[in-house]
Each structure stands twice: as C-alpha cells, then as structure tokens.
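**Q** You'll find work-v3.cif just under this line, and it carries mmCIF, C-alpha atoms.
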data_run
loop_
_atom_site.label_atom_id
_atom_site.label_comp_id
_atom_site.auth_asym_id
_atom_site.auth_seq_id
_atom_site.Cartn_x
_atom_site.Cartn_y
_atom_site.Cartn_z
CA MET A 265 -48.70 -48.14 -115.41
CA ALA A 266 -46.57 -48.79 -112.37
CA GLU A 267 -47.75 -47.21 -109.22
CA VAL A 268 -45.55 -44.55 -107.69
CA GLN A 269 -44.21 -45.88 -104.43
CA THR A 270 -44.81 -43.73 -101.38
CA PRO A 271 -41.49 -42.69 -99.89
CA ILE A 272 -40.88 -44.48 -96.61
CA SER A 273 -40.83 -42.07 -93.73
CA PRO A 274 -40.20 -42.69 -90.00
CA HIS A 275 -43.91 -42.70 -89.25
CA GLY A 276 -44.78 -45.17 -91.97
CA ILE A 277 -47.14 -44.54 -94.83
CA PRO A 278 -49.06 -41.31 -94.41
CA PRO A 279 -52.86 -41.60 -94.07
CA GLU A 280 -54.76 -41.08 -97.27
CA GLY A 281 -55.64 -37.52 -98.14
CA GLN A 282 -53.09 -36.02 -95.78
CA PRO A 283 -50.05 -34.32 -97.17
CA GLU A 284 -46.71 -35.66 -96.06
CA HIS A 285 -44.17 -33.45 -94.36
CA PRO A 286 -40.90 -35.10 -95.25
CA GLU A 287 -38.83 -32.19 -93.97
CA SER A 288 -40.43 -32.39 -90.53
CA THR A 289 -40.35 -36.17 -90.08
CA THR A 290 -36.69 -36.80 -90.82
CA HIS A 291 -35.46 -34.58 -88.01
CA PRO A 292 -33.20 -36.46 -85.53
CA SER A 293 -35.43 -35.39 -82.60
CA PHE A 294 -38.59 -36.72 -84.25
CA HIS A 295 -40.29 -39.66 -82.51
CA HIS A 296 -41.95 -42.09 -84.88
CA HIS A 297 -45.27 -42.37 -83.04
CA PHE A 298 -46.21 -38.79 -83.92
CA ASP A 299 -47.61 -37.66 -87.26
CA ASP A 300 -45.23 -34.73 -87.57
CA MET A 301 -43.05 -32.32 -85.57
CA GLU A 302 -45.98 -29.99 -84.97
CA GLN A 303 -48.04 -32.73 -83.31
CA GLN A 304 -45.01 -33.83 -81.29
CA PHE A 305 -44.52 -30.28 -80.00
CA GLU A 306 -48.22 -29.90 -79.17
CA ALA A 307 -48.18 -33.15 -77.16
CA SER A 308 -45.22 -31.98 -75.03
CA HIS A 309 -46.80 -28.56 -74.69
CA MET A 310 -50.07 -30.09 -73.42
CA GLY A 311 -48.23 -32.29 -70.92
CA MET A 312 -46.24 -29.33 -69.63
CA TRP A 313 -49.38 -27.26 -69.10
CA LEU A 314 -51.02 -30.19 -67.30
CA PHE A 315 -48.00 -30.25 -64.97
CA LEU A 316 -48.27 -26.49 -64.45
CA VAL A 317 -51.96 -26.87 -63.54
CA THR A 318 -50.94 -29.35 -60.81
CA GLU A 319 -48.38 -26.75 -59.70
CA ILE A 320 -51.15 -24.14 -59.48
CA MET A 321 -53.02 -26.51 -57.15
CA PHE A 322 -49.83 -27.20 -55.15
CA PHE A 323 -49.12 -23.53 -54.50
CA GLY A 324 -52.89 -22.91 -54.36
CA GLY A 325 -53.19 -24.95 -51.16
CA LEU A 326 -50.55 -22.76 -49.50
CA PHE A 327 -52.19 -19.58 -50.77
CA ALA A 328 -55.59 -20.77 -49.49
CA ALA A 329 -54.20 -21.55 -46.01
CA TYR A 330 -52.43 -18.18 -45.98
CA THR A 331 -55.68 -16.41 -46.90
CA ILE A 332 -57.60 -18.11 -44.07
CA TYR A 333 -55.02 -17.12 -41.43
CA ARG A 334 -54.64 -13.60 -42.79
CA SER A 335 -58.42 -13.03 -42.64
CA THR A 336 -58.44 -14.46 -39.08
CA TYR A 337 -55.54 -12.30 -37.77
CA PRO A 338 -55.48 -9.20 -40.03
CA GLU A 339 -53.81 -6.84 -37.52
CA ALA A 340 -51.11 -9.32 -36.53
CA PHE A 341 -50.26 -10.07 -40.17
CA ALA A 342 -50.11 -6.36 -41.01
CA ASP A 343 -47.79 -5.82 -38.03
CA THR A 344 -45.15 -8.19 -39.48
CA SER A 345 -44.56 -5.94 -42.50
CA ARG A 346 -42.11 -3.83 -40.47
CA PHE A 347 -39.73 -6.83 -40.48
CA MET A 348 -39.93 -7.39 -44.24
CA ASN A 349 -37.17 -5.75 -46.27
CA LEU A 350 -39.18 -3.93 -48.93
CA GLY A 351 -36.08 -2.81 -50.84
CA LEU A 352 -34.67 -6.33 -51.22
CA GLY A 353 -38.12 -7.75 -52.04
CA ALA A 354 -38.76 -5.19 -54.78
CA PHE A 355 -35.21 -5.62 -56.12
CA ASN A 356 -35.71 -9.38 -56.32
CA THR A 357 -39.04 -8.91 -58.11
CA ALA A 358 -37.29 -6.81 -60.76
CA VAL A 359 -34.45 -9.37 -61.02
CA LEU A 360 -36.91 -12.21 -61.56
CA ILE A 361 -38.88 -10.25 -64.18
CA GLY A 362 -35.56 -9.57 -65.91
CA SER A 363 -34.74 -13.29 -65.86
CA SER A 364 -38.13 -14.01 -67.46
CA LEU A 365 -37.24 -11.56 -70.23
CA THR A 366 -33.86 -13.21 -70.89
CA MET A 367 -35.57 -16.64 -70.82
CA ALA A 368 -38.17 -15.51 -73.37
CA LEU A 369 -35.39 -14.06 -75.54
CA ALA A 370 -33.43 -17.32 -75.27
CA VAL A 371 -36.44 -19.25 -76.62
CA ARG A 372 -36.85 -16.64 -79.35
CA SER A 373 -33.18 -16.92 -80.34
CA ALA A 374 -33.55 -20.70 -80.63
CA GLN A 375 -36.62 -20.17 -82.83
CA ILE A 376 -34.64 -17.99 -85.25
CA ASN A 377 -31.55 -20.27 -85.25
CA GLN A 378 -29.25 -17.92 -83.33
CA GLN A 379 -27.32 -20.52 -81.39
CA LYS A 380 -24.80 -18.17 -79.73
CA ALA A 381 -27.49 -15.74 -78.59
CA THR A 382 -29.48 -18.66 -77.17
CA VAL A 383 -26.53 -19.74 -75.01
CA TRP A 384 -25.83 -16.17 -73.83
CA PHE A 385 -29.47 -15.46 -72.93
CA LEU A 386 -29.60 -18.75 -71.00
CA ILE A 387 -26.43 -17.80 -69.11
CA GLY A 388 -28.01 -14.41 -68.35
CA THR A 389 -31.11 -16.15 -67.02
CA ILE A 390 -28.99 -18.36 -64.72
CA ILE A 391 -27.06 -15.33 -63.43
CA LEU A 392 -30.27 -13.40 -62.65
CA GLY A 393 -31.80 -16.50 -61.03
CA SER A 394 -28.68 -16.90 -58.87
CA ILE A 395 -28.78 -13.23 -57.85
CA PHE A 396 -32.39 -13.79 -56.73
CA LEU A 397 -31.38 -16.83 -54.66
CA GLY A 398 -28.41 -14.94 -53.17
CA VAL A 399 -30.61 -12.03 -52.07
CA LYS A 400 -33.10 -14.54 -50.65
CA ALA A 401 -30.28 -16.13 -48.61
CA VAL A 402 -29.30 -12.70 -47.24
CA GLU A 403 -32.93 -12.10 -46.21
CA TYR A 404 -33.13 -15.52 -44.53
CA HIS A 405 -29.94 -14.67 -42.63
CA HIS A 406 -31.45 -11.38 -41.41
CA LYS A 407 -34.54 -13.26 -40.19
CA TRP A 408 -32.33 -15.79 -38.43
CA VAL A 409 -30.31 -13.07 -36.65
CA GLU A 410 -33.51 -11.22 -35.66
CA HIS A 411 -34.99 -14.42 -34.13
CA LEU A 412 -37.85 -14.41 -36.62
CA VAL A 413 -37.47 -18.06 -37.67
CA PRO A 414 -40.44 -19.96 -36.19
CA GLY A 415 -39.51 -22.38 -33.46
CA ALA A 416 -37.91 -22.38 -30.02
CA ASN A 417 -35.84 -19.24 -30.64
CA PHE A 418 -38.69 -17.15 -32.07
CA GLN A 419 -38.81 -13.73 -30.41
CA TYR A 420 -41.30 -11.06 -31.35
CA GLU A 421 -42.00 -7.73 -29.64
CA GLY A 422 -45.61 -6.69 -29.30
CA PRO A 423 -49.00 -8.21 -28.57
CA TYR A 424 -49.13 -10.47 -31.64
CA ALA A 425 -46.18 -12.81 -31.04
CA HIS A 426 -48.11 -16.06 -31.58
CA GLN A 427 -50.06 -14.92 -34.62
CA ALA A 428 -46.95 -13.33 -36.15
CA GLN A 429 -45.18 -16.67 -35.83
CA ILE A 430 -47.87 -18.19 -38.07
CA LEU A 431 -47.10 -15.56 -40.72
CA PHE A 432 -43.41 -16.40 -40.55
CA VAL A 433 -44.21 -20.10 -40.98
CA PHE A 434 -45.99 -19.14 -44.23
CA TYR A 435 -43.13 -16.81 -45.17
CA PHE A 436 -40.50 -19.53 -44.89
CA LEU A 437 -42.70 -22.28 -46.34
CA MET A 438 -43.85 -20.33 -49.38
CA THR A 439 -40.57 -18.56 -50.21
CA GLY A 440 -38.71 -21.81 -49.44
CA VAL A 441 -40.82 -23.90 -51.82
CA HIS A 442 -40.48 -21.11 -54.38
CA ALA A 443 -36.69 -21.04 -53.95
CA ALA A 444 -36.59 -24.85 -54.35
CA HIS A 445 -38.39 -24.40 -57.68
CA MET A 446 -35.78 -21.78 -58.64
CA ILE A 447 -32.93 -24.16 -57.80
CA ILE A 448 -34.53 -26.89 -59.96
CA GLY A 449 -34.93 -24.25 -62.68
CA VAL A 450 -31.22 -23.35 -62.51
CA GLY A 451 -30.44 -27.07 -62.90
CA LEU A 452 -32.70 -27.29 -65.97
CA LEU A 453 -31.09 -24.16 -67.43
CA SER A 454 -27.60 -25.62 -67.01
CA THR A 455 -28.69 -28.66 -69.03
CA LEU A 456 -30.20 -26.37 -71.67
CA ILE A 457 -26.95 -24.38 -72.00
CA TRP A 458 -25.10 -27.63 -72.70
CA MET A 459 -27.73 -28.73 -75.22
CA ALA A 460 -27.88 -25.32 -76.92
CA HIS A 461 -24.09 -25.18 -77.05
CA ARG A 462 -24.07 -28.51 -78.88
CA GLY A 463 -26.57 -27.14 -81.39
CA ARG A 464 -29.55 -29.25 -80.38
CA PHE A 465 -32.10 -26.49 -80.94
CA SER A 466 -33.33 -24.81 -84.09
CA SER A 467 -36.49 -23.36 -85.57
CA GLU A 468 -37.44 -26.99 -86.29
CA TYR A 469 -37.01 -28.28 -82.77
CA PHE A 470 -36.92 -26.23 -79.56
CA THR A 471 -39.34 -28.18 -77.34
CA TRP A 472 -36.98 -28.31 -74.33
CA MET A 473 -36.39 -24.58 -74.55
CA GLU A 474 -40.09 -23.71 -74.68
CA MET A 475 -41.03 -26.12 -71.84
CA THR A 476 -38.27 -24.89 -69.52
CA GLY A 477 -39.36 -21.37 -70.39
CA LEU A 478 -42.94 -22.18 -69.35
CA TYR A 479 -41.64 -23.54 -66.02
CA TRP A 480 -39.42 -20.53 -65.40
CA HIS A 481 -42.22 -18.04 -66.16
CA PHE A 482 -44.58 -19.99 -63.88
CA VAL A 483 -42.09 -19.66 -61.00
CA ASP A 484 -41.90 -15.94 -61.80
CA ILE A 485 -45.71 -15.67 -61.56
CA VAL A 486 -45.70 -17.33 -58.12
CA TRP A 487 -43.26 -14.66 -56.93
CA ILE A 488 -45.40 -11.90 -58.50
CA PHE A 489 -48.10 -12.95 -55.99
CA LEU A 490 -45.77 -13.77 -53.07
CA PHE A 491 -44.16 -10.32 -53.09
CA PRO A 492 -47.32 -8.26 -52.33
CA LEU A 493 -48.80 -10.96 -50.08
CA LEU A 494 -45.74 -11.31 -47.82
CA TYR A 495 -43.93 -7.94 -47.99
CA LEU A 496 -46.84 -5.51 -48.41
CA ILE A 497 -49.45 -6.75 -45.91
CA GLY A 498 -49.43 -3.61 -43.77
CA SER A 499 -49.53 -0.23 -45.48
CA ARG A 500 -46.35 1.82 -45.02
CA ALA A 501 -48.31 5.09 -45.34
CA PRO A 502 -47.19 7.69 -42.79
CA GLY A 503 -49.68 7.83 -39.93
CA GLY A 504 -51.84 5.12 -41.49
CA GLY A 505 -52.49 1.54 -40.42
CA MET B 76 -43.21 -25.61 -88.01
CA ALA B 77 -45.92 -23.04 -87.69
CA HIS B 78 -44.53 -21.29 -84.62
CA LYS B 79 -44.78 -17.56 -84.81
CA VAL B 80 -41.71 -15.71 -83.65
CA VAL B 81 -42.81 -12.87 -81.41
CA PRO B 82 -41.11 -9.55 -82.28
CA LEU B 83 -38.39 -8.41 -79.88
CA LYS B 84 -40.32 -5.18 -79.29
CA VAL B 85 -43.24 -7.11 -77.71
CA TYR B 86 -41.01 -8.87 -75.16
CA VAL B 87 -39.24 -5.66 -74.18
CA SER B 88 -42.55 -3.76 -73.80
CA ILE B 89 -43.99 -6.51 -71.60
CA PHE B 90 -40.82 -6.43 -69.49
CA ALA B 91 -41.18 -2.65 -69.11
CA ALA B 92 -44.88 -3.01 -68.21
CA LEU B 93 -44.01 -5.59 -65.54
CA LEU B 94 -41.41 -3.24 -64.01
CA VAL B 95 -43.96 -0.38 -64.00
CA GLY B 96 -46.45 -2.74 -62.29
CA THR B 97 -43.86 -3.57 -59.62
CA ALA B 98 -43.18 0.14 -59.03
CA LEU B 99 -46.94 0.83 -58.78
CA THR B 100 -47.38 -1.99 -56.20
CA VAL B 101 -44.57 -0.60 -54.05
CA GLY B 102 -45.86 2.96 -54.46
CA ALA B 103 -49.43 2.01 -53.51
CA ASN B 104 -48.08 0.52 -50.28
CA PHE B 105 -47.04 4.03 -49.15
CA VAL B 106 -50.55 5.46 -49.60
CA HIS B 107 -53.33 4.70 -47.16
CA PHE B 108 -56.29 3.14 -49.00
CA GLY B 109 -57.60 1.07 -46.09
CA ARG B 110 -58.87 -2.31 -47.24
CA PHE B 111 -58.35 -1.24 -50.85
CA ASN B 112 -54.58 -1.59 -50.38
CA LEU B 113 -54.97 -5.37 -50.68
CA ILE B 114 -57.39 -5.13 -53.62
CA ILE B 115 -55.07 -2.76 -55.51
CA ALA B 116 -52.03 -5.00 -54.84
CA LEU B 117 -53.91 -8.10 -56.03
CA LEU B 118 -55.29 -6.35 -59.14
CA ILE B 119 -51.77 -5.29 -60.14
CA ALA B 120 -50.46 -8.83 -59.45
CA PHE B 121 -53.23 -10.39 -61.60
CA THR B 122 -52.48 -7.94 -64.41
CA LYS B 123 -48.75 -8.74 -64.24
CA ALA B 124 -49.44 -12.49 -64.14
CA SER B 125 -51.77 -12.20 -67.15
CA LEU B 126 -49.09 -10.38 -69.15
CA VAL B 127 -46.56 -13.13 -68.35
CA VAL B 128 -49.04 -15.91 -69.23
CA LEU B 129 -50.24 -14.30 -72.48
CA PHE B 130 -46.93 -13.08 -73.90
CA PHE B 131 -43.92 -14.73 -72.21
CA MET B 132 -45.72 -18.09 -72.03
CA HIS B 133 -47.19 -17.60 -75.52
CA VAL B 134 -50.75 -18.50 -74.48
CA LYS B 135 -52.07 -15.68 -76.67
CA GLN B 136 -50.94 -17.60 -79.76
CA SER B 137 -51.44 -21.12 -78.37
CA SER B 138 -54.09 -23.67 -79.32
CA PRO B 139 -57.60 -23.36 -77.84
CA LEU B 140 -56.92 -26.54 -75.82
CA THR B 141 -53.99 -24.82 -74.04
CA LYS B 142 -56.25 -21.88 -73.20
CA VAL B 143 -58.79 -24.33 -71.71
CA PHE B 144 -56.01 -25.81 -69.53
CA VAL B 145 -54.94 -22.38 -68.27
CA VAL B 146 -58.48 -21.22 -67.53
CA SER B 147 -59.43 -24.53 -65.86
CA GLY B 148 -56.34 -24.31 -63.62
CA MET B 149 -57.39 -20.86 -62.43
CA PHE B 150 -61.02 -21.95 -62.14
CA TRP B 151 -60.12 -24.86 -59.82
CA PHE B 152 -57.99 -22.53 -57.74
CA CYS B 153 -61.01 -20.20 -57.37
CA LEU B 154 -63.13 -23.20 -56.32
CA LEU B 155 -60.51 -24.08 -53.70
CA ILE B 156 -60.56 -20.56 -52.24
CA ALA B 157 -64.36 -20.22 -52.48
CA GLY B 158 -65.07 -23.61 -50.91
CA THR B 159 -62.59 -23.11 -48.06
CA PHE B 160 -63.89 -19.62 -47.35
CA ALA B 161 -67.54 -20.71 -47.47
CA ASP B 162 -66.69 -23.19 -44.72
CA TYR B 163 -64.69 -20.82 -42.48
CA ALA B 164 -67.05 -17.88 -42.93
CA SER B 165 -70.21 -19.85 -42.12
CA ARG B 166 -69.00 -21.94 -39.17
CA ASP B 167 -70.71 -19.80 -36.53
CA TRP B 168 -73.90 -19.17 -38.45
CA LEU B 169 -75.82 -22.29 -37.43
CA PRO B 170 -75.61 -24.53 -34.40
CA ALA B 171 -74.25 -27.95 -35.20
CA LEU B 172 -77.17 -30.32 -35.72
CA GLY B 173 -75.71 -33.50 -34.22
CA ALA B 174 -78.33 -35.27 -32.07
CA TRP B 175 -76.22 -34.84 -28.94
CA GLU B 176 -75.95 -31.12 -29.54
CA ASN B 177 -79.61 -30.53 -30.31
CA LYS B 178 -80.79 -30.46 -26.74
CA PRO B 179 -79.12 -27.25 -25.53
CA VAL B 180 -80.28 -25.49 -28.68
CA LEU B 181 -83.89 -26.54 -28.08
CA GLU B 182 -83.64 -25.46 -24.45
CA GLN B 183 -82.24 -22.16 -25.56
CA HIS B 184 -85.39 -21.62 -27.57
CA GLY B 185 -87.58 -22.55 -24.60
CA ARG B 186 -88.87 -25.87 -25.91
#
Is it possible to express this structure as structure tokens?

**A**
Amino acid sequence: MAEVQTPISPHGIPPEGQPEHPESTTHPSFHHHFDDMEQQFEASHMGMWLFLVTEIMFFGGLFAAYTIYRSTYPEAFADTSRFMNLGLGAFNTAVLIGSSLTMALAVRSAQINQQKATVWFLIGTIILGSIFLGVKAVEYHHKWVEHLVPGANFQYEGPYAHQAQILFVFYFLMTGVHAAHMIIGVGLLSTLIWMAHRGRFSSEYFTWMEMTGLYWHFVDIVWIFLFPLLYLIGSRAPGGG
Amino acid sequence: MAHKVVPLKVYVSIFAALLVGTALTVGANFVHFGRFNLIIALLIAFTKASLVVLFFMHVKQSSPLTKVFVVSGMFWFCLLIAGTFADYASRDWLPALGAWENKPVLEQHGR
C-alpha cells in the first residue's frame, strides 16, 4: 500500500499528531516560520503589548516626577487650575473617547469582512484625532498669549510664580509627548486606510488593524489620566479651595 | 481564526460608560471634597482605563500571557511610584550617616 503523501504547505510537514490548517497557512500574509495564522497573530500581539509596557514606563517616569512636585507644592499646583480651560479639556476627552470607539469599530468591521465600513471608521478616527490636535493647538496658543509658556517670557500673578512654572513645564511636556503620539497614530491610520482600501484585511488577517488599535487606545488611556491630573488639580467648588 | 467578534452593543455601552465617567470627573471638580477630590478623580480615571483595556483592547478575551503583560506593566509602574515616594518621604527622617556628618549628630546628643 502506497503511503499517502502529506500535502506540502508553506510551513513544511506538520508535526506528528497535530492537525494541519491548510486554510490558514496558504494566506498571502502568512509567514512560513509560524505554525499557523493564530500563532502568527499571537506573536505580533505579544510584541505589541511588550512595546506598550515600555510605553507605560516611559509615561510612568513623567507621572512619577509630576506626583513628586505636586505633593511638594500642592497649593501652587492647585492655583494653576484657573488657567486651564476645563471646557476644551472635557471636550477633547469626549472626542478622544469617540475616536477610540470608531477605532474599535474599524477593527470589528475588518473582523467581519466589511471592507467599506472599515475604511469609513478609520477615516472617522483620523477626523476625531485631528479635532483633538486642533483643539490642543488652540489651547497652546492661549497659553502662549497669556505668557504661561515656561521660559524667559513666563509671567504669573500671585505668590506661586516659580512653582507654577514647574507645573506648566509638566503640562507642555506631558501633553506635548501625548500629542506626538497622536500625530504618529494619525500617520499609522493613514497607512491603514490605504491598506484597508486595497482589501488587505479580513477575518483571516487583521493584525495591523488590531495592533494600531491597541496603540490608539493606549494613547487614549494616557489622556484619561492627563485630563484630571492637569485640568482638575484645584477644586472649582464655590467658596472651596 | 478563533477571534471572537465583540457585539456592537458592548462597544457602544463602553463608550457611553466612558462619557458618563468623564461627566462625573468634571462634576466632582465642582464639589468640595478636600483631599478626596484627587482620590475620586483617580478612581474614576482607573475605572475608565480598565474599561478601555478590558473591552476596547480586548484583554478580557486575550490569552493569559497577555494578561500577565498588562498586570506586570502596572505592577512595575506602582514600584516606580512607591520607590520614588519612599525616598522623598523619608529623606528628613534620619540624619545622613556619612562619617563626616556623624560628628554634629553625636554632639547634638551630648556625646
């Protein structure tokens, strides 16, 4: 009796006792050094989370420094809240949460093979991200006009001028690094729109979509903490401190 | 591939919950809770962040290894804060014990 020949697949002969997944190893995006598409996705997923953990440490250093200075000069930090535009900050928080929703829906559309919806949700995410950056630019302009940018032209009424300047250093550093992440995110999204438009994603393969989504949501989380820590230091309660 | 597609309803509910959390944070800022203002703001922020991580970032349905990564990232961040604070908070507790600084301390204690 002639032995049945194992069909040749991109990853070679499957190990004994393991079922083959021919439908998941012939995909054009499949790399031959993985066992199957599932393992390939998991590897990318793991690498992305490892990168996000380094990002936690990167922003973590800034948050730790901020915490030390805030606990050293609590009154001065609370005093700066009168210069923070609560309305614009809250609006931007909502905009960014909305962009996270459209991003999540874009990934979901790719998972269920809705190519057009994927492209439209990605465009929506870019638009919301750009609105966020635009509002941020308006806020930076206000700070510039009000002489609240740390440096030679810094002017601050009240007894806490020096300590308040430290807060504004953190304000510009942390929101600036966050905005830089947003700009990189918009660049990634533009690439994704092109790829989605050309039909690169499907329920079989949407690694790029999921990884960019993870990045975008991470940047959203950073803002979720930045908003209360920079805009809401001092209570705005009438008659309260 | 064995990737579960999360129902649309879940994403929209999480989005709504995040907006409510934002409104609560802003609202709490107009009430005077003293030092609890910060604690309330941080609790709401942690809740919002957890919702994003679990549902938008799909950690709820991810492999145990991914969960370990997420928790270890937060754990190291806590170590960073705890270690830094332990240093800053305790700096004035004890006199520095360098040999050149010992003398005034001993004199202070009448020895």

**Q** Give me the result of the PyMOL selection byres ((chain A and resi 328) around 9) on this file, residue by residue, as a PDB file with C-alpha atoms, in the coordinates of the input.

**A**
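Saved as out-v9.pdb:
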ATOM      1  CA  PHE A 323     -49.120 -23.530 -54.500  1.00  0.00           C
ATOM      2  CA  GLY A 324     -52.890 -22.910 -54.360  1.00  0.00           C
ATOM      3  CA  GLY A 325     -53.190 -24.950 -51.160  1.00  0.00           C
ATOM      4  CA  LEU A 326     -50.550 -22.760 -49.500  1.00  0.00           C
ATOM      5  CA  PHE A 327     -52.190 -19.580 -50.770  1.00  0.00           C
ATOM      6  CA  ALA A 329     -54.200 -21.550 -46.010  1.00  0.00           C
ATOM      7  CA  TYR A 330     -52.430 -18.180 -45.980  1.00  0.00           C
ATOM      8  CA  THR A 331     -55.680 -16.410 -46.900  1.00  0.00           C
ATOM      9  CA  ILE A 332     -57.600 -18.110 -44.070  1.00  0.00           C
ATOM     10  CA  TYR A 333     -55.020 -17.120 -41.430  1.00  0.00           C
TER      11      TYR A 333
ATOM     12  CA  PHE B 152     -57.990 -22.530 -57.740  1.00  0.00           C
ATOM     13  CA  LEU B 155     -60.510 -24.080 -53.700  1.00  0.00           C
ATOM     14  CA  ILE B 156     -60.560 -20.560 -52.240  1.00  0.00           C
ATOM     15  CA  THR B 159     -62.590 -23.110 -48.060  1.00  0.00           C
ATOM     16  CA  PHE B 160     -63.890 -19.620 -47.350  1.00  0.00           C
TER      17      PHE B 160
END

**Q** Please identify every residue of chain B that has at least one atom no more than 7 Å from any atom of chain A, counting all atoms listed in the file, and report them as a PyMOL selection string.

**A** chain B and resi 76+80+86+90+94+104-107+116+120+124+127+131-132+141+144+148+152+156

**Q** Quick one: which residues end up in the PyMOL selection byres ((chain A and resi 420-435) around 8) for this structure, as a PyMOL selection string?

**A** chain A and resi 326+330+333+337+340-341+343-344+411-414+418-419+436-440+494

**Q** Name every residue that the PyMOL selection byres ((chain A and resi 385) around 7) selects in this structure, writing the answer as a compact mmCIF listing (two decimals) with C-alpha atoms, in the frame of the given file with chains first and numbers rising.

**A**
# COMPACT_ATOMS: atom_id res chain seq x y z
CA THR A 366 -33.86 -13.21 -70.89
CA MET A 367 -35.57 -16.64 -70.82
CA LEU A 369 -35.39 -14.06 -75.54
CA ALA A 370 -33.43 -17.32 -75.27
CA ALA A 381 -27.49 -15.74 -78.59
CA THR A 382 -29.48 -18.66 -77.17
CA VAL A 383 -26.53 -19.74 -75.01
CA TRP A 384 -25.83 -16.17 -73.83
CA LEU A 386 -29.60 -18.75 -71.00
CA ILE A 387 -26.43 -17.80 -69.11
CA GLY A 388 -28.01 -14.41 -68.35
CA THR A 389 -31.11 -16.15 -67.02

**Q** As an exercise, work out the distance from atom CA of Leu113 of chain B to atom CA of His133 of chain B in Å and give it to one decimal place.

**A**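 Rounded to one decimal, the two atoms are 28.8 Å apart.
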
**Q** Kindly give the distance, in Å, that separates atom CA of Lys135 of chain B and atom CA of Leu117 of chain B, rounded to a single decimal.

**A** 22.1 Å

**Q** Between atom CA of Pro82 of chain B and atom CA of Ala374 of chain A, what is the distance in Å, rounded to a tenth?

**A**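 Pair atom CA of Pro82 of chain B / atom CA of Ala374 of chain A returns 13.6 Å.
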